[in-house]
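Text of the file protein12.tsv, holding TSV, N, CA and C atoms:
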chain	number	residue	atom	x	y	z
A	770	MET	N	-74.58	-320.69	-193.14
A	770	MET	CA	-75.53	-319.61	-193.00
A	770	MET	C	-74.85	-318.51	-192.17
A	771	GLN	N	-74.97	-317.32	-192.66
A	771	GLN	CA	-74.35	-316.20	-191.98
A	771	GLN	C	-75.35	-315.55	-191.02
A	772	LEU	N	-74.80	-314.68	-190.19
A	772	LEU	CA	-75.61	-314.01	-189.18
A	772	LEU	C	-76.74	-313.20	-189.84
A	773	ARG	N	-76.42	-312.59	-190.94
A	773	ARG	CA	-77.43	-311.80	-191.65
A	773	ARG	C	-78.57	-312.69	-192.13
A	774	ASP	N	-78.24	-313.84	-192.66
A	774	ASP	CA	-79.26	-314.77	-193.13
A	774	ASP	C	-80.10	-315.28	-191.95
A	775	LEU	N	-79.44	-315.54	-190.84
A	775	LEU	CA	-80.14	-316.02	-189.64
A	775	LEU	C	-81.13	-314.96	-189.14
A	776	LEU	N	-80.73	-313.69	-189.13
A	776	LEU	CA	-81.62	-312.62	-188.71
A	776	LEU	C	-82.83	-312.49	-189.62
A	777	ILE	N	-82.60	-312.66	-190.91
A	777	ILE	CA	-83.70	-312.58	-191.87
A	777	ILE	C	-84.70	-313.70	-191.62
A	778	VAL	N	-84.21	-314.89	-191.32
A	778	VAL	CA	-85.08	-316.04	-191.06
A	778	VAL	C	-85.88	-315.81	-189.78
A	779	VAL	N	-85.19	-315.34	-188.71
A	779	VAL	CA	-85.86	-315.13	-187.42
A	779	VAL	C	-86.91	-314.02	-187.55
A	780	LEU	N	-86.53	-312.92	-188.17
A	780	LEU	CA	-87.46	-311.82	-188.30
A	780	LEU	C	-88.64	-312.17	-189.20
A	781	GLY	N	-88.39	-312.94	-190.21
A	781	GLY	CA	-89.44	-313.30	-191.15
A	781	GLY	C	-90.33	-314.40	-190.61
A	782	SER	N	-89.89	-315.19	-189.65
A	782	SER	CA	-90.67	-316.35	-189.21
A	782	SER	C	-91.56	-316.06	-188.00
A	783	GLY	N	-91.66	-314.84	-187.58
A	783	GLY	CA	-92.52	-314.55	-186.43
A	783	GLY	C	-91.74	-314.38	-185.14
A	784	GLY	N	-90.44	-314.60	-185.18
A	784	GLY	CA	-89.61	-314.40	-183.99
A	784	GLY	C	-89.64	-312.97	-183.52
A	785	MET	N	-89.66	-312.07	-184.46
A	785	MET	CA	-89.69	-310.65	-184.10
A	785	MET	C	-91.01	-310.30	-183.44
A	786	SER	N	-92.10	-310.85	-183.91
A	786	SER	CA	-93.39	-310.56	-183.28
A	786	SER	C	-93.43	-311.10	-181.86
A	787	ALA	N	-92.78	-312.22	-181.62
A	787	ALA	CA	-92.70	-312.76	-180.25
A	787	ALA	C	-91.89	-311.82	-179.35
A	788	ILE	N	-90.78	-311.29	-179.87
A	788	ILE	CA	-89.95	-310.36	-179.09
A	788	ILE	C	-90.73	-309.09	-178.79
A	789	ILE	N	-91.41	-308.57	-179.79
A	789	ILE	CA	-92.20	-307.35	-179.60
A	789	ILE	C	-93.33	-307.60	-178.59
A	790	SER	N	-93.97	-308.73	-178.68
A	790	SER	CA	-95.03	-309.09	-177.75
A	790	SER	C	-94.49	-309.18	-176.33
A	791	PHE	N	-93.32	-309.78	-176.16
A	791	PHE	CA	-92.69	-309.91	-174.85
A	791	PHE	C	-92.38	-308.53	-174.27
A	792	ILE	N	-91.80	-307.66	-175.07
A	792	ILE	CA	-91.46	-306.30	-174.62
A	792	ILE	C	-92.73	-305.53	-174.26
A	793	THR	N	-93.77	-305.70	-175.06
A	793	THR	CA	-95.04	-305.03	-174.78
A	793	THR	C	-95.61	-305.48	-173.45
A	794	GLN	N	-95.55	-306.78	-173.19
A	794	GLN	CA	-96.05	-307.31	-171.92
A	794	GLN	C	-95.28	-306.74	-170.72
A	795	ILE	N	-93.99	-306.61	-170.84
A	795	ILE	CA	-93.17	-306.05	-169.76
A	795	ILE	C	-93.56	-304.59	-169.51
A	796	VAL	N	-93.70	-303.83	-170.58
A	796	VAL	CA	-94.07	-302.42	-170.44
A	796	VAL	C	-95.45	-302.29	-169.80
A	797	MET	N	-96.41	-303.09	-170.22
A	797	MET	CA	-97.76	-303.03	-169.66
A	797	MET	C	-97.75	-303.40	-168.18
A	798	TRP	N	-96.99	-304.41	-167.81
A	798	TRP	CA	-96.90	-304.82	-166.41
A	798	TRP	C	-96.34	-303.68	-165.55
A	799	LYS	N	-95.28	-303.03	-166.06
A	799	LYS	CA	-94.67	-301.91	-165.33
A	799	LYS	C	-95.68	-300.78	-165.13
A	800	LEU	N	-96.42	-300.45	-166.19
A	800	LEU	CA	-97.40	-299.36	-166.09
A	800	LEU	C	-98.52	-299.70	-165.10
A	801	GLU	N	-99.01	-300.93	-165.12
A	801	GLU	CA	-100.04	-301.35	-164.18
A	801	GLU	C	-99.52	-301.33	-162.75
A	802	HIS	N	-98.29	-301.79	-162.56
A	802	HIS	CA	-97.67	-301.80	-161.23
A	802	HIS	C	-97.53	-300.38	-160.69
A	803	ARG	N	-97.11	-299.45	-161.52
A	803	ARG	CA	-96.94	-298.05	-161.11
A	803	ARG	C	-98.30	-297.44	-160.77
A	804	ALA	N	-99.34	-297.75	-161.56
A	804	ALA	CA	-100.67	-297.20	-161.31
A	804	ALA	C	-101.22	-297.70	-159.97
A	805	LYS	N	-101.02	-298.97	-159.65
A	805	LYS	CA	-101.47	-299.51	-158.37
A	805	LYS	C	-100.75	-298.84	-157.21
A	806	LYS	N	-99.46	-298.62	-157.35
A	806	LYS	CA	-98.68	-297.97	-156.30
A	806	LYS	C	-99.16	-296.55	-156.08
A	807	GLU	N	-99.40	-295.81	-157.17
A	807	GLU	CA	-99.88	-294.43	-157.05
A	807	GLU	C	-101.27	-294.39	-156.44
A	808	ASP	N	-102.15	-295.35	-156.78
A	808	ASP	CA	-103.48	-295.41	-156.18
A	808	ASP	C	-103.37	-295.62	-154.68
A	809	GLY	N	-102.46	-296.48	-154.24
A	809	GLY	CA	-102.26	-296.74	-152.82
A	809	GLY	C	-101.76	-295.50	-152.10
A	810	GLU	N	-100.86	-294.77	-152.72
A	810	GLU	CA	-100.35	-293.54	-152.12
A	810	GLU	C	-101.46	-292.49	-152.02
A	811	ASP	N	-102.32	-292.42	-153.00
A	811	ASP	CA	-103.44	-291.48	-152.95
A	811	ASP	C	-104.39	-291.83	-151.81
A	812	LEU	N	-104.62	-293.12	-151.58
A	812	LEU	CA	-105.48	-293.55	-150.48
A	812	LEU	C	-104.89	-293.16	-149.13
A	813	VAL	N	-103.59	-293.35	-148.98
A	813	VAL	CA	-102.93	-293.00	-147.72
A	813	VAL	C	-102.98	-291.49	-147.50
A	814	LYS	N	-102.70	-290.72	-148.54
A	814	LYS	CA	-102.78	-289.26	-148.42
A	814	LYS	C	-104.19	-288.81	-148.07
A	815	GLY	N	-105.17	-289.42	-148.70
A	815	GLY	CA	-106.57	-289.06	-148.41
A	815	GLY	C	-106.94	-289.37	-146.97
A	816	ALA	N	-106.52	-290.54	-146.50
A	816	ALA	CA	-106.81	-290.91	-145.12
A	816	ALA	C	-106.12	-289.97	-144.14
A	817	LEU	N	-104.88	-289.62	-144.41
A	817	LEU	CA	-104.14	-288.70	-143.55
A	817	LEU	C	-104.79	-287.32	-143.55
A	818	ARG	N	-105.27	-286.89	-144.70
A	818	ARG	CA	-105.95	-285.60	-144.79
A	818	ARG	C	-107.21	-285.59	-143.91
A	819	VAL	N	-107.97	-286.69	-143.92
A	819	VAL	CA	-109.19	-286.77	-143.11
A	819	VAL	C	-108.84	-286.75	-141.62
A	820	ILE	N	-107.81	-287.50	-141.24
A	820	ILE	CA	-107.40	-287.55	-139.83
A	820	ILE	C	-106.92	-286.17	-139.36
A	821	LEU	N	-106.09	-285.52	-140.17
A	821	LEU	CA	-105.60	-284.19	-139.80
A	821	LEU	C	-106.75	-283.18	-139.72
A	822	HIS	N	-107.68	-283.24	-140.64
A	822	HIS	CA	-108.83	-282.34	-140.62
A	822	HIS	C	-109.58	-282.49	-139.31
A	823	ASP	N	-109.85	-283.72	-138.92
A	823	ASP	CA	-110.58	-283.97	-137.69
A	823	ASP	C	-109.81	-283.46	-136.46
A	824	ARG	N	-108.52	-283.74	-136.41
A	824	ARG	CA	-107.70	-283.34	-135.26
A	824	ARG	C	-107.56	-281.81	-135.17
A	825	ILE	N	-107.33	-281.17	-136.30
A	825	ILE	CA	-107.20	-279.71	-136.32
A	825	ILE	C	-108.51	-279.07	-135.87
A	826	LYS	N	-109.63	-279.56	-136.39
A	826	LYS	CA	-110.94	-279.01	-136.04
A	826	LYS	C	-111.21	-279.18	-134.54
A	827	TYR	N	-110.91	-280.35	-134.01
A	827	TYR	CA	-111.14	-280.63	-132.59
A	827	TYR	C	-110.31	-279.69	-131.71
A	828	LEU	N	-109.02	-279.59	-132.00
A	828	LEU	CA	-108.14	-278.75	-131.18
A	828	LEU	C	-108.49	-277.28	-131.30
A	829	ALA	N	-108.76	-276.83	-132.52
A	829	ALA	CA	-109.10	-275.42	-132.72
A	829	ALA	C	-110.37	-275.06	-131.95
A	830	LYS	N	-111.38	-275.92	-131.99
A	830	LYS	CA	-112.62	-275.67	-131.23
A	830	LYS	C	-112.32	-275.58	-129.74
A	831	ARG	N	-111.50	-276.50	-129.26
A	831	ARG	CA	-111.17	-276.52	-127.84
A	831	ARG	C	-110.46	-275.23	-127.42
A	832	TYR	N	-109.47	-274.80	-128.20
A	832	TYR	CA	-108.74	-273.59	-127.85
A	832	TYR	C	-109.64	-272.35	-127.92
A	833	ILE	N	-110.48	-272.30	-128.93
A	833	ILE	CA	-111.39	-271.16	-129.06
A	833	ILE	C	-112.36	-271.11	-127.88
A	834	GLU	N	-112.89	-272.28	-127.48
A	834	GLU	CA	-113.78	-272.33	-126.32
A	834	GLU	C	-113.06	-271.92	-125.04
A	835	ASP	N	-111.80	-272.35	-124.89
A	835	ASP	CA	-111.02	-271.98	-123.70
A	835	ASP	C	-110.67	-270.50	-123.68
A	836	GLY	N	-110.55	-269.91	-124.85
A	836	GLY	CA	-110.23	-268.50	-124.95
A	836	GLY	C	-108.74	-268.20	-124.90
A	837	PHE	N	-107.92	-269.24	-124.90
A	837	PHE	CA	-106.46	-269.07	-124.91
A	837	PHE	C	-105.83	-270.32	-125.48
A	838	VAL	N	-104.53	-270.23	-125.75
A	838	VAL	CA	-103.79	-271.39	-126.24
A	838	VAL	C	-102.35	-271.24	-125.75
A	839	GLU	N	-101.75	-272.37	-125.43
A	839	GLU	CA	-100.34	-272.34	-125.03
A	839	GLU	C	-99.48	-272.23	-126.29
A	840	GLY	N	-98.34	-271.56	-126.14
A	840	GLY	CA	-97.48	-271.29	-127.30
A	840	GLY	C	-97.06	-272.53	-128.07
A	841	GLU	N	-96.64	-273.56	-127.37
A	841	GLU	CA	-96.20	-274.79	-128.03
A	841	GLU	C	-97.35	-275.47	-128.75
A	842	ASP	N	-98.53	-275.47	-128.12
A	842	ASP	CA	-99.72	-276.08	-128.74
A	842	ASP	C	-100.12	-275.31	-130.00
A	843	LYS	N	-99.99	-273.99	-129.93
A	843	LYS	CA	-100.33	-273.16	-131.09
A	843	LYS	C	-99.39	-273.46	-132.26
A	844	ARG	N	-98.10	-273.58	-131.97
A	844	ARG	CA	-97.13	-273.90	-133.04
A	844	ARG	C	-97.43	-275.27	-133.65
A	845	ASP	N	-97.74	-276.24	-132.80
A	845	ASP	CA	-98.05	-277.59	-133.30
A	845	ASP	C	-99.29	-277.58	-134.20
A	846	LEU	N	-100.31	-276.85	-133.77
A	846	LEU	CA	-101.55	-276.79	-134.55
A	846	LEU	C	-101.31	-276.09	-135.90
A	847	ILE	N	-100.55	-275.01	-135.87
A	847	ILE	CA	-100.25	-274.31	-137.12
A	847	ILE	C	-99.47	-275.22	-138.06
A	848	GLU	N	-98.52	-275.98	-137.53
A	848	GLU	CA	-97.74	-276.89	-138.36
A	848	GLU	C	-98.62	-277.98	-138.96
A	849	MET	N	-99.54	-278.53	-138.16
A	849	MET	CA	-100.48	-279.53	-138.68
A	849	MET	C	-101.31	-278.94	-139.82
A	850	HIS	N	-101.77	-277.70	-139.63
A	850	HIS	CA	-102.60	-277.06	-140.65
A	850	HIS	C	-101.81	-276.81	-141.93
A	851	VAL	N	-100.55	-276.43	-141.80
A	851	VAL	CA	-99.72	-276.22	-142.99
A	851	VAL	C	-99.61	-277.53	-143.79
A	852	TYR	N	-99.32	-278.65	-143.11
A	852	TYR	CA	-99.23	-279.93	-143.82
A	852	TYR	C	-100.57	-280.31	-144.43
A	853	TYR	N	-101.64	-280.12	-143.67
A	853	TYR	CA	-102.97	-280.45	-144.18
A	853	TYR	C	-103.31	-279.61	-145.40
A	854	HIS	N	-103.12	-278.31	-145.30
A	854	HIS	CA	-103.56	-277.39	-146.35
A	854	HIS	C	-102.61	-277.36	-147.55
A	855	ASP	N	-101.31	-277.21	-147.29
A	855	ASP	CA	-100.35	-276.99	-148.38
A	855	ASP	C	-99.82	-278.27	-149.01
A	856	HIS	N	-99.60	-279.29	-148.22
A	856	HIS	CA	-98.96	-280.50	-148.73
A	856	HIS	C	-99.93	-281.63	-149.07
A	857	LEU	N	-101.09	-281.65	-148.41
A	857	LEU	CA	-102.04	-282.73	-148.66
A	857	LEU	C	-103.28	-282.25	-149.41
A	858	GLY	N	-103.27	-280.99	-149.82
A	858	GLY	CA	-104.38	-280.49	-150.63
A	858	GLY	C	-105.65	-280.24	-149.86
A	859	GLY	N	-105.52	-279.78	-148.60
A	859	GLY	CA	-106.71	-279.44	-147.82
A	859	GLY	C	-107.53	-278.39	-148.54
A	860	ASN	N	-108.81	-278.34	-148.24
A	860	ASN	CA	-109.74	-277.54	-149.03
A	860	ASN	C	-109.97	-276.13	-148.50
A	861	GLY	N	-109.37	-275.74	-147.39
A	861	GLY	CA	-109.53	-274.38	-146.88
A	861	GLY	C	-110.67	-274.20	-145.89
A	862	PHE	N	-111.44	-275.26	-145.58
A	862	PHE	CA	-112.55	-275.14	-144.64
A	862	PHE	C	-112.08	-274.77	-143.23
A	863	LEU	N	-110.85	-275.08	-142.90
A	863	LEU	CA	-110.35	-274.81	-141.54
A	863	LEU	C	-109.65	-273.46	-141.42
A	864	ASP	N	-109.51	-272.75	-142.52
A	864	ASP	CA	-108.76	-271.48	-142.50
A	864	ASP	C	-109.38	-270.48	-141.52
A	865	HIS	N	-110.71	-270.38	-141.49
A	865	HIS	CA	-111.35	-269.41	-140.59
A	865	HIS	C	-111.11	-269.78	-139.13
A	866	MET	N	-111.13	-271.06	-138.82
A	866	MET	CA	-110.85	-271.48	-137.44
A	866	MET	C	-109.40	-271.19	-137.06
A	867	MET	N	-108.49	-271.43	-138.00
A	867	MET	CA	-107.08	-271.19	-137.71
A	867	MET	C	-106.83	-269.69	-137.51
A	868	LYS	N	-107.56	-268.85	-138.23
A	868	LYS	CA	-107.42	-267.40	-138.04
A	868	LYS	C	-107.83	-267.03	-136.62
A	869	ASP	N	-108.90	-267.65	-136.13
A	869	ASP	CA	-109.36	-267.39	-134.76
A	869	ASP	C	-108.35	-267.89	-133.73
A	870	VAL	N	-107.76	-269.06	-133.98
A	870	VAL	CA	-106.77	-269.61	-133.05
A	870	VAL	C	-105.53	-268.71	-133.01
A	871	LYS	N	-105.09	-268.25	-134.17
A	871	LYS	CA	-103.90	-267.38	-134.21
A	871	LYS	C	-104.12	-266.08	-133.45
A	872	ALA	N	-105.37	-265.63	-133.34
A	872	ALA	CA	-105.68	-264.39	-132.63
A	872	ALA	C	-105.81	-264.59	-131.11
A	873	LEU	N	-105.85	-265.84	-130.65
A	873	LEU	CA	-106.02	-266.09	-129.21
A	873	LEU	C	-104.79	-265.65	-128.42
A	874	PRO	N	-105.02	-265.21	-127.18
A	874	PRO	CA	-103.87	-264.87	-126.34
A	874	PRO	C	-103.11	-266.13	-125.93
A	875	LEU	N	-101.82	-265.96	-125.78
A	875	LEU	CA	-100.96	-267.08	-125.37
A	875	LEU	C	-100.95	-267.22	-123.86
A	876	LEU	N	-100.96	-268.44	-123.41
A	876	LEU	CA	-100.84	-268.73	-121.99
A	876	LEU	C	-99.55	-269.51	-121.81
A	877	LYS	N	-98.68	-269.02	-120.96
A	877	LYS	CA	-97.44	-269.75	-120.70
A	877	LYS	C	-97.71	-270.82	-119.67
A	878	ARG	N	-97.21	-271.99	-119.95
A	878	ARG	CA	-97.40	-273.13	-119.06
A	878	ARG	C	-96.62	-272.90	-117.77
A	879	GLN	N	-97.29	-273.07	-116.66
A	879	GLN	CA	-96.64	-272.96	-115.36
A	879	GLN	C	-96.15	-274.34	-114.96
A	880	ILE	N	-94.84	-274.47	-114.83
A	880	ILE	CA	-94.27	-275.75	-114.40
A	880	ILE	C	-94.07	-275.69	-112.90
A	881	GLN	N	-94.79	-276.52	-112.21
A	881	GLN	CA	-94.67	-276.54	-110.76
A	881	GLN	C	-93.66	-277.60	-110.36
A	882	ARG	N	-92.72	-277.17	-109.53
A	882	ARG	CA	-91.70	-278.08	-109.06
A	882	ARG	C	-92.26	-278.85	-107.88
A	883	GLU	N	-92.17	-280.16	-107.97
A	883	GLU	CA	-92.63	-280.98	-106.86
A	883	GLU	C	-91.59	-280.95	-105.76
A	884	GLU	N	-92.07	-280.83	-104.55
A	884	GLU	CA	-91.15	-280.82	-103.41
A	884	GLU	C	-90.72	-282.25	-103.09
A	885	THR	N	-89.48	-282.40	-102.82
A	885	THR	CA	-88.97	-283.70	-102.40
A	885	THR	C	-89.05	-283.77	-100.89
A	886	PRO	N	-89.10	-284.96	-100.31
A	886	PRO	CA	-89.17	-285.10	-98.84
A	886	PRO	C	-88.03	-284.37	-98.11
A	887	ASN	N	-86.84	-284.27	-98.71
A	887	ASN	CA	-85.72	-283.60	-98.04
A	887	ASN	C	-85.96	-282.11	-97.92
A	888	GLU	N	-86.70	-281.50	-98.87
A	888	GLU	CA	-86.93	-280.07	-98.83
A	888	GLU	C	-87.89	-279.70	-97.70
A	889	ASN	N	-88.83	-280.59	-97.38
A	889	ASN	CA	-89.77	-280.32	-96.31
A	889	ASN	C	-89.10	-280.30	-94.94
A	890	ASN	N	-88.06	-281.09	-94.76
A	890	ASN	CA	-87.38	-281.22	-93.47
A	890	ASN	C	-86.35	-280.12	-93.27
A	891	ALA	N	-85.97	-279.40	-94.27
A	891	ALA	CA	-84.90	-278.41	-94.14
A	891	ALA	C	-85.33	-277.17	-93.44
Now, as a test, write the supplied structure out as structure tokens.
Amino acid sequence: MQLRDLLIVVLGSGGMSAIISFITQIVMWKLEHRAKKEDGEDLVKGALRVILHDRIKYLAKRYIEDGFVEGEDKRDLIEMHVYYHDHLGGNGFLDHMMKDVKALPLLKRQIQREETPNENNA
């Protein structure tokens, strides 16, 4: 029996349907696995979006109530808002608050140097 005859027997006897079924099962498993992974990533992004929304809202309210914001804090808040809005699909509800924060005057942090015991004796 030659290879050609063997292939005809295998293909005609249902061997080909078994191979096709096996390949189909592998493809379906891969698609289901990818869908589960993407669902998990969507959940993590959604949770992160909620956390950032809450934190941005809290900080923006605090700065607006104080009437000023420190430069470094302002940069951090703007960066959080960019990730929330542009990268995680934020809905724009915080845009008006961020506009108010950006308009606040900057307060430079005063770093007070602690005196050491040797400085008091000099």
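Across the structure, atom CA of A:Asp808 and atom CA of A:Val851 are spaced 23.6 Å apart.
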Open item on the list: Give me, as a list in words, all polymer residues having an atom no more than 12 Å from A:His856, counting only C-alpha atoms and skipping those fewer than 4 positions away in the same chain.
Closed with: Lys814, Gly815, Leu817, Arg818, Leu821, Glu848, Met849, His850, Val851, Tyr852 and Asn860 of chain A
May I have the centre and edge lengths, in Å to one decimal, of an axis-aligned box around the listed atoms of stretch 815-825 of chain A with 4 Å added to every side, as AutoDock Vina command-line options?
--center_x -107.4 --center_y -285.0 --center_z -141.9 --size_x 14.4 --size_y 19.8 --size_z 21.5
Open item on the list: I'd like the neighbourhood of A:Met866 as a PyMOL selection string, where a residue qualifies if any of its atoms comes within 9 Å (using only C-alpha atoms), though same-chain residues fewer than 5 positions away should be ignored.
Closed with: chain A and resi 826+829-830+833+871
Task: Distance criterion (only N, CA and C atoms): nearest to A:Gly836 out of A:Ser790, A:Leu876, A:Leu857, A:His822 - done: A:Leu876
Open item on the list: Counting only C-alpha atoms, which residue out of A:Tyr853, A:Ile795, A:Lys868, A:Phe837 sits closest to A:Ile820?
Closed with: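 Among the listed residues, the smallest separation from A:Ile820 belongs to A:Tyr853.
You will find atom CA of A:Gly840 at 5.8 Å from atom CA of A:Leu875.
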TODO: Could you check how far atom CA of A:Glu841 sits from atom CA of A:Lys877, in Å to one decimal?
DONE: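 Going from atom CA of A:Glu841 over to atom CA of A:Lys877 covers 9.0 Å.
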TODO: Using only C-alpha atoms, find the one residue out of A:Leu873, A:Gly859, A:Glu801, A:Gln794 that sits nearest to A:Ala816.
DONE: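 Smallest distance to A:Ala816 is found for A:Gly859.
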Task: Nearest candidate to A:Arg824 (options A:Met797, A:Leu846, A:Ile792, A:Asp811; using only N, CA and C atoms) - done: A:Leu846
